[in-house]
$ cat start_25.txt   # compact mmCIF, N, CA, C and O atoms
# COMPACT_ATOMS: atom_id res chain seq x y z
N MET A 56 0.85 -1.17 0.00
CA MET A 56 0.00 0.00 0.00
C MET A 56 0.90 1.24 0.00
O MET A 56 1.80 1.36 0.82
N ASN A 57 0.65 2.15 -0.97
CA ASN A 57 1.42 3.37 -1.10
C ASN A 57 0.49 4.57 -1.20
O ASN A 57 -0.65 4.44 -1.67
N VAL A 58 0.99 5.74 -0.80
CA VAL A 58 0.22 6.97 -0.93
C VAL A 58 -0.06 7.22 -2.41
O VAL A 58 0.82 7.08 -3.25
N GLY A 59 -1.31 7.55 -2.74
CA GLY A 59 -1.70 7.81 -4.11
C GLY A 59 -2.21 6.58 -4.84
O GLY A 59 -2.73 6.69 -5.95
N GLU A 60 -2.08 5.42 -4.23
CA GLU A 60 -2.51 4.18 -4.87
C GLU A 60 -4.03 4.03 -4.80
O GLU A 60 -4.65 4.32 -3.80
N ARG A 61 -4.62 3.58 -5.90
CA ARG A 61 -6.07 3.33 -5.97
C ARG A 61 -6.30 1.85 -5.73
O ARG A 61 -5.76 1.00 -6.44
N LEU A 62 -7.11 1.53 -4.72
CA LEU A 62 -7.38 0.16 -4.34
C LEU A 62 -8.85 -0.17 -4.54
O LEU A 62 -9.72 0.65 -4.27
N LYS A 63 -9.12 -1.41 -4.98
CA LYS A 63 -10.49 -1.86 -5.23
C LYS A 63 -10.81 -3.01 -4.29
O LYS A 63 -9.96 -3.83 -3.96
N SER A 64 -12.08 -3.10 -3.91
CA SER A 64 -12.55 -4.18 -3.06
C SER A 64 -12.85 -5.41 -3.90
O SER A 64 -13.33 -5.30 -5.03
N ALA A 65 -12.63 -6.58 -3.31
CA ALA A 65 -12.96 -7.84 -3.98
C ALA A 65 -14.36 -8.32 -3.62
O ALA A 65 -14.86 -9.26 -4.22
N VAL A 66 -15.02 -7.65 -2.64
CA VAL A 66 -16.33 -8.12 -2.17
C VAL A 66 -17.47 -7.14 -2.45
O VAL A 66 -18.63 -7.50 -2.26
N CYS A 67 -17.16 -5.92 -2.84
CA CYS A 67 -18.21 -4.95 -3.18
C CYS A 67 -17.65 -3.96 -4.20
O CYS A 67 -16.56 -4.15 -4.71
N THR A 68 -18.38 -2.92 -4.51
CA THR A 68 -17.98 -1.97 -5.54
C THR A 68 -17.06 -0.86 -5.05
O THR A 68 -16.72 0.03 -5.81
N ALA A 69 -16.65 -0.89 -3.80
CA ALA A 69 -15.86 0.20 -3.20
C ALA A 69 -14.48 0.32 -3.85
O ALA A 69 -13.83 -0.67 -4.16
N GLU A 70 -14.07 1.59 -4.05
CA GLU A 70 -12.72 1.93 -4.50
C GLU A 70 -12.25 3.11 -3.67
O GLU A 70 -13.01 4.04 -3.41
N VAL A 71 -10.99 3.10 -3.26
CA VAL A 71 -10.43 4.16 -2.44
C VAL A 71 -9.07 4.58 -3.00
O VAL A 71 -8.44 3.83 -3.74
N ILE A 72 -8.65 5.78 -2.62
CA ILE A 72 -7.30 6.25 -2.90
C ILE A 72 -6.64 6.50 -1.55
O ILE A 72 -7.21 7.18 -0.69
N VAL A 73 -5.44 5.97 -1.36
CA VAL A 73 -4.70 6.14 -0.12
C VAL A 73 -4.15 7.56 -0.08
O VAL A 73 -3.43 7.98 -0.99
N VAL A 74 -4.51 8.31 0.97
CA VAL A 74 -4.11 9.71 1.09
C VAL A 74 -2.91 9.85 2.02
O VAL A 74 -2.02 10.68 1.79
N ARG A 75 -2.87 9.06 3.09
CA ARG A 75 -1.80 9.20 4.08
C ARG A 75 -1.56 7.85 4.75
O ARG A 75 -2.49 7.10 5.01
N ILE A 76 -0.29 7.58 5.04
CA ILE A 76 0.10 6.40 5.79
C ILE A 76 1.03 6.85 6.91
O ILE A 76 2.05 7.48 6.65
N ASP A 77 0.67 6.53 8.15
CA ASP A 77 1.53 6.80 9.30
C ASP A 77 2.34 5.55 9.60
O ASP A 77 2.06 4.49 9.07
N GLY A 78 3.27 5.66 10.50
CA GLY A 78 4.07 4.52 10.88
C GLY A 78 3.28 3.43 11.58
O GLY A 78 3.75 2.31 11.72
N GLY A 79 2.04 3.73 12.01
CA GLY A 79 1.26 2.75 12.76
C GLY A 79 0.50 1.74 11.92
O GLY A 79 -0.18 0.89 12.46
N ALA A 80 0.57 1.81 10.61
CA ALA A 80 -0.16 0.88 9.75
C ALA A 80 0.44 -0.52 9.92
O ALA A 80 1.62 -0.72 9.70
N THR A 81 -0.42 -1.48 10.32
CA THR A 81 0.08 -2.81 10.65
C THR A 81 -0.50 -3.91 9.77
O THR A 81 -0.77 -5.00 10.24
N GLY A 82 -0.71 -3.65 8.52
CA GLY A 82 -1.22 -4.69 7.65
C GLY A 82 -1.91 -4.11 6.43
O GLY A 82 -1.94 -2.90 6.24
N PRO A 83 -2.50 -4.97 5.63
CA PRO A 83 -3.17 -4.50 4.41
C PRO A 83 -4.52 -3.85 4.74
O PRO A 83 -5.10 -4.09 5.79
N LEU A 84 -5.00 -3.04 3.82
CA LEU A 84 -6.32 -2.43 3.94
C LEU A 84 -7.36 -3.46 3.56
O LEU A 84 -7.26 -4.09 2.50
N LEU A 85 -8.34 -3.66 4.43
CA LEU A 85 -9.38 -4.66 4.21
C LEU A 85 -10.72 -3.98 3.96
O LEU A 85 -11.02 -2.95 4.54
N CYS A 86 -11.52 -4.58 3.11
CA CYS A 86 -12.90 -4.13 2.88
C CYS A 86 -13.78 -5.36 2.98
O CYS A 86 -13.60 -6.31 2.21
N GLY A 87 -14.70 -5.37 3.92
CA GLY A 87 -15.54 -6.53 4.12
C GLY A 87 -14.76 -7.76 4.56
O GLY A 87 -15.17 -8.88 4.29
N GLY A 88 -13.61 -7.54 5.20
CA GLY A 88 -12.79 -8.64 5.69
C GLY A 88 -11.82 -9.21 4.68
O GLY A 88 -11.02 -10.08 4.99
N GLU A 89 -11.84 -8.72 3.44
CA GLU A 89 -10.93 -9.21 2.39
C GLU A 89 -9.96 -8.10 1.99
O GLU A 89 -10.34 -6.93 1.91
N PRO A 90 -8.70 -8.44 1.69
CA PRO A 90 -7.72 -7.41 1.29
C PRO A 90 -8.13 -6.69 0.00
O PRO A 90 -8.65 -7.31 -0.93
N MET A 91 -7.87 -5.39 -0.02
CA MET A 91 -8.11 -4.59 -1.22
C MET A 91 -6.84 -4.61 -2.06
O MET A 91 -5.74 -4.68 -1.52
N SER A 92 -6.99 -4.52 -3.39
CA SER A 92 -5.82 -4.50 -4.27
C SER A 92 -6.11 -3.63 -5.49
O SER A 92 -7.26 -3.32 -5.79
N ALA A 93 -5.05 -3.27 -6.19
CA ALA A 93 -5.18 -2.42 -7.37
C ALA A 93 -5.80 -3.17 -8.53
O ALA A 93 -6.42 -2.57 -9.42
N ASP A 94 -5.70 -4.49 -8.54
CA ASP A 94 -6.18 -5.28 -9.68
C ASP A 94 -7.32 -6.23 -9.31
O ASP A 94 -7.51 -7.24 -9.98
N ALA A 95 -8.09 -5.90 -8.28
CA ALA A 95 -9.22 -6.75 -7.89
C ALA A 95 -10.28 -6.76 -8.98
O ALA A 95 -10.53 -5.75 -9.64
N ALA A 96 -10.89 -7.90 -9.18
CA ALA A 96 -11.96 -8.03 -10.18
C ALA A 96 -13.19 -7.27 -9.70
O ALA A 96 -13.47 -7.22 -8.51
N PRO A 97 -13.92 -6.63 -10.63
CA PRO A 97 -15.13 -5.92 -10.22
C PRO A 97 -16.11 -6.87 -9.56
O PRO A 97 -16.34 -7.98 -10.03
N ALA A 98 -16.67 -6.42 -8.46
CA ALA A 98 -17.63 -7.25 -7.71
C ALA A 98 -19.05 -6.78 -7.99
O ALA A 98 -19.27 -5.65 -8.42
N ALA A 99 -19.98 -7.65 -7.73
CA ALA A 99 -21.39 -7.28 -7.88
C ALA A 99 -21.75 -6.25 -6.81
O ALA A 99 -21.19 -6.29 -5.71
N PRO A 100 -22.66 -5.33 -7.11
CA PRO A 100 -23.05 -4.35 -6.11
C PRO A 100 -23.60 -5.03 -4.86
O PRO A 100 -24.41 -5.92 -4.95
N ALA A 101 -23.10 -4.60 -3.71
CA ALA A 101 -23.56 -5.16 -2.45
C ALA A 101 -24.58 -4.24 -1.80
O ALA A 101 -24.59 -3.04 -2.04
N GLN A 102 -25.43 -4.79 -1.00
CA GLN A 102 -26.43 -4.00 -0.30
C GLN A 102 -25.77 -3.31 0.89
O GLN A 102 -24.80 -3.78 1.44
N GLY A 103 -26.34 -2.19 1.31
CA GLY A 103 -25.84 -1.51 2.50
C GLY A 103 -25.37 -0.10 2.19
O GLY A 103 -25.94 0.85 2.65
N GLY A 104 -24.31 0.03 1.40
CA GLY A 104 -23.80 1.34 1.03
C GLY A 104 -23.26 2.14 2.19
O GLY A 104 -23.53 3.32 2.31
N GLU A 105 -22.48 1.49 3.07
CA GLU A 105 -21.93 2.19 4.23
C GLU A 105 -20.84 3.19 3.85
O GLU A 105 -20.70 4.21 4.50
N LEU A 106 -20.04 2.90 2.84
CA LEU A 106 -18.95 3.79 2.43
C LEU A 106 -19.49 4.83 1.46
O LEU A 106 -20.03 4.49 0.42
N LEU A 107 -19.32 6.09 1.80
CA LEU A 107 -19.87 7.18 1.01
C LEU A 107 -18.81 7.80 0.12
O LEU A 107 -17.71 8.12 0.59
N MET A 108 -19.13 8.00 -1.15
CA MET A 108 -18.21 8.57 -2.11
C MET A 108 -17.82 9.98 -1.69
O MET A 108 -18.66 10.77 -1.27
N GLY A 109 -16.54 10.30 -1.79
CA GLY A 109 -16.03 11.62 -1.48
C GLY A 109 -15.69 11.83 -0.02
O GLY A 109 -15.13 12.86 0.34
N LYS A 110 -15.98 10.88 0.83
CA LYS A 110 -15.68 11.01 2.27
C LYS A 110 -14.34 10.38 2.58
O LYS A 110 -13.88 9.46 1.93
N ARG A 111 -13.70 10.91 3.63
CA ARG A 111 -12.41 10.39 4.09
C ARG A 111 -12.63 9.50 5.30
O ARG A 111 -13.46 9.79 6.16
N TYR A 112 -11.89 8.41 5.34
CA TYR A 112 -11.94 7.47 6.45
C TYR A 112 -10.52 7.30 6.97
O TYR A 112 -9.57 7.24 6.19
N SER A 113 -10.37 7.23 8.30
CA SER A 113 -9.04 7.09 8.87
C SER A 113 -9.06 6.14 10.06
O SER A 113 -10.10 5.93 10.69
N GLY A 114 -7.90 5.61 10.36
CA GLY A 114 -7.70 4.69 11.48
C GLY A 114 -6.60 3.72 11.13
O GLY A 114 -6.29 3.49 9.97
N GLY A 115 -6.01 3.13 12.15
CA GLY A 115 -4.98 2.13 11.91
C GLY A 115 -3.75 2.67 11.21
O GLY A 115 -3.04 1.92 10.55
N GLY A 116 -3.51 3.98 11.29
CA GLY A 116 -2.35 4.58 10.64
C GLY A 116 -2.54 4.88 9.17
O GLY A 116 -1.59 5.16 8.46
N VAL A 117 -3.80 4.82 8.68
CA VAL A 117 -4.08 5.04 7.26
C VAL A 117 -5.24 6.03 7.11
O VAL A 117 -6.16 6.04 7.92
N GLU A 118 -5.16 6.86 6.08
CA GLU A 118 -6.29 7.73 5.71
C GLU A 118 -6.56 7.52 4.22
O GLU A 118 -5.63 7.54 3.42
N VAL A 119 -7.83 7.29 3.88
CA VAL A 119 -8.22 7.07 2.49
C VAL A 119 -9.41 7.95 2.15
O VAL A 119 -10.14 8.39 3.03
N VAL A 120 -9.57 8.21 0.86
CA VAL A 120 -10.77 8.89 0.37
C VAL A 120 -11.48 7.92 -0.56
O VAL A 120 -10.86 7.25 -1.39
N VAL A 121 -12.80 7.82 -0.38
CA VAL A 121 -13.60 6.88 -1.17
C VAL A 121 -13.95 7.53 -2.50
O VAL A 121 -14.53 8.62 -2.54
N VAL A 122 -13.60 6.88 -3.61
CA VAL A 122 -13.91 7.40 -4.94
C VAL A 122 -15.06 6.64 -5.59
O VAL A 122 -15.59 7.06 -6.61
N ARG A 123 -15.45 5.52 -4.97
CA ARG A 123 -16.62 4.77 -5.42
C ARG A 123 -17.19 4.06 -4.20
O ARG A 123 -16.49 3.29 -3.54
N GLY A 124 -18.43 4.36 -3.87
CA GLY A 124 -19.06 3.83 -2.67
C GLY A 124 -19.23 2.32 -2.69
O GLY A 124 -19.18 1.68 -3.74
N GLY A 125 -19.42 1.77 -1.52
CA GLY A 125 -19.61 0.33 -1.40
C GLY A 125 -20.14 -0.02 -0.03
O GLY A 125 -20.47 0.85 0.78
N ALA A 126 -20.19 -1.31 0.25
CA ALA A 126 -20.77 -1.78 1.50
C ALA A 126 -19.81 -1.71 2.68
O ALA A 126 -20.24 -1.50 3.80
N GLY A 127 -18.51 -1.91 2.45
CA GLY A 127 -17.54 -1.82 3.53
C GLY A 127 -17.68 -2.97 4.52
O GLY A 127 -18.24 -3.99 4.19
N PRO A 128 -17.22 -2.82 5.73
CA PRO A 128 -16.45 -1.72 6.30
C PRO A 128 -14.97 -1.82 5.95
O PRO A 128 -14.49 -2.88 5.57
N LEU A 129 -14.26 -0.69 6.09
CA LEU A 129 -12.82 -0.65 5.86
C LEU A 129 -12.10 -0.91 7.18
O LEU A 129 -12.56 -0.45 8.24
N ALA A 130 -10.99 -1.61 7.13
CA ALA A 130 -10.22 -1.90 8.33
C ALA A 130 -8.76 -2.12 7.98
O ALA A 130 -8.42 -2.45 6.84
N VAL A 131 -7.90 -1.90 8.97
CA VAL A 131 -6.49 -2.24 8.89
C VAL A 131 -6.23 -3.13 10.09
O VAL A 131 -6.34 -2.67 11.23
N GLY A 132 -5.93 -4.39 9.85
CA GLY A 132 -5.80 -5.34 10.95
C GLY A 132 -7.14 -5.49 11.65
O GLY A 132 -8.16 -5.77 11.01
N ASP A 133 -7.17 -5.27 12.96
CA ASP A 133 -8.40 -5.36 13.74
C ASP A 133 -9.10 -4.02 13.91
O ASP A 133 -10.19 -3.96 14.47
N GLU A 134 -8.47 -2.93 13.46
CA GLU A 134 -9.02 -1.58 13.68
C GLU A 134 -9.87 -1.14 12.48
O GLU A 134 -9.39 -1.03 11.36
N VAL A 135 -11.14 -0.86 12.74
CA VAL A 135 -12.07 -0.39 11.71
C VAL A 135 -11.86 1.11 11.49
O VAL A 135 -11.76 1.87 12.45
N LEU A 136 -11.78 1.53 10.23
CA LEU A 136 -11.61 2.94 9.91
C LEU A 136 -12.94 3.66 10.13
O LEU A 136 -14.00 3.12 9.82
N SER A 137 -12.86 4.89 10.63
CA SER A 137 -14.06 5.69 10.86
C SER A 137 -14.05 6.90 9.94
O SER A 137 -13.00 7.38 9.51
N GLN A 138 -15.25 7.41 9.66
CA GLN A 138 -15.38 8.57 8.78
C GLN A 138 -14.89 9.81 9.50
O GLN A 138 -15.22 10.05 10.66
N LYS A 139 -14.06 10.60 8.82
CA LYS A 139 -13.55 11.84 9.41
C LYS A 139 -14.62 12.92 9.31
O LYS A 139 -15.33 13.01 8.32
N GLN A 140 -14.71 13.71 10.34
CA GLN A 140 -15.67 14.82 10.38
C GLN A 140 -14.98 16.10 9.92
O GLN A 140 -13.78 16.28 10.13
N ALA A 141 -15.73 16.98 9.31
CA ALA A 141 -15.19 18.27 8.85
C ALA A 141 -14.84 19.13 10.05
O ALA A 141 -15.52 19.12 11.07
N LYS A 142 -13.75 19.90 9.90
CA LYS A 142 -13.34 20.80 10.97
C LYS A 142 -14.24 22.04 10.93
O LYS A 142 -14.49 22.59 9.84
N PRO A 143 -14.70 22.50 12.07
CA PRO A 143 -15.54 23.71 12.06
C PRO A 143 -14.73 24.94 11.68
O PRO A 143 -13.57 25.07 12.07
N LEU A 144 -15.32 25.81 10.91
CA LEU A 144 -14.67 27.06 10.52
C LEU A 144 -14.75 28.06 11.66
O LEU A 144 -15.72 28.08 12.42
N PRO A 145 -13.72 28.91 11.78
CA PRO A 145 -13.79 29.93 12.84
C PRO A 145 -14.89 30.95 12.53
O PRO A 145 -15.19 31.24 11.38
N SER A 146 -15.47 31.46 13.61
CA SER A 146 -16.53 32.47 13.41
C SER A 146 -15.89 33.79 12.96
O SER A 146 -14.76 34.10 13.29
N SER A 147 -16.63 34.55 12.22
CA SER A 147 -16.13 35.83 11.73
C SER A 147 -17.00 36.96 12.28
O SER A 147 -17.75 37.60 11.56
N ASP A 148 -16.88 37.18 13.58
CA ASP A 148 -17.69 38.22 14.24
C ASP A 148 -17.20 39.60 13.92
O ASP A 148 -16.17 39.99 13.84

$ encode --input "start_25.txt" --output "structure tokens"
Amino acid sequence: MNVGERLKSAVCTAEVIVVRIDGGATGPLLCGGEPMSADAAPAAPAQGGELLMGKRYSGGGVEVVVVRGGAGPLAVGDEVLSQKQAKPLPSSD
């Protein structure tokens, strides 16, 4: 897994781009319990749609942006990635 790499799920339609990797990443990126790869075969659409296109997910020393939604969940090792929340803008009084 490298920064800028596009990874596809083998179990759903999800695709992500790796944005950041910290030293704490301890394994491959998983989607639905299966490793994601650049050359995964397209999967049938899965029900659920937990991963939202355009949103960032982080955890386990990895940050990714979803470029194609899917059922998920994303994980690195035993740690499930969570959706990042937008930072509030400062008030302009």

$ atom_distance --input "start_25.txt" --atom1 "atom CA of A:Gly116" --atom2 "atom CA of A:Lys139"
13.4 Å

$ closest_residue --input "start_25.txt" --among "A:Asp94, A:Glu134, A:Glu89, A:Glu60" --to "A:Gly115" --atoms "only C-alpha atoms"
A:Glu134

$ atom_distance --input "start_25.txt" --atom1 "atom N of A:Ser64" --atom2 "atom C of A:Glu105"
13.3 Å

$ closest_atom_pairs --input "start_25.txt" --of "stretch 94-141 of chain A" --to "stretch 77-88 of chain A" --cutoff "8 Å" --atoms "only C-alpha atoms" --output "JSON lines"
{"residue": "A:Gly115", "atom": "CA", "partner": "A:Ala80", "partner_atom": "CA", "distance": 5.4}
{"residue": "A:Gly116", "atom": "CA", "partner": "A:Ala80", "partner_atom": "CA", "distance": 4.4}
{"residue": "A:Val117", "atom": "CA", "partner": "A:Asp77", "partner_atom": "CA", "distance": 6.2}
{"residue": "A:Ala126", "atom": "CA", "partner": "A:Gly87", "partner_atom": "CA", "distance": 7.5}
{"residue": "A:Gly127", "atom": "CA", "partner": "A:Gly87", "partner_atom": "CA", "distance": 5.2}
{"residue": "A:Pro128", "atom": "CA", "partner": "A:Gly87", "partner_atom": "CA", "distance": 5.4}
{"residue": "A:Leu129", "atom": "CA", "partner": "A:Cys86", "partner_atom": "CA", "distance": 4.6}
{"residue": "A:Ala130", "atom": "CA", "partner": "A:Leu85", "partner_atom": "CA", "distance": 5.0}
{"residue": "A:Val131", "atom": "CA", "partner": "A:Leu84", "partner_atom": "CA", "distance": 5.0}
{"residue": "A:Gly132", "atom": "CA", "partner": "A:Gly82", "partner_atom": "CA", "distance": 5.7}

$ closest_residue --input "start_25.txt" --among "A:Lys110, A:Lys63, A:Gly125, A:Val73" --to "A:Ser92" --atoms "only N, CA, C and O atoms"
A:Lys63

$ residues_around --input "start_25.txt" --residues "A:Val58" --least-positions-apart "6" --cutoff "8 Å" --atoms "only N, CA, C and O atoms" --output "list in words"
Ile72, Val73, Val74, Arg75, Ile76 and Glu118 of chain A
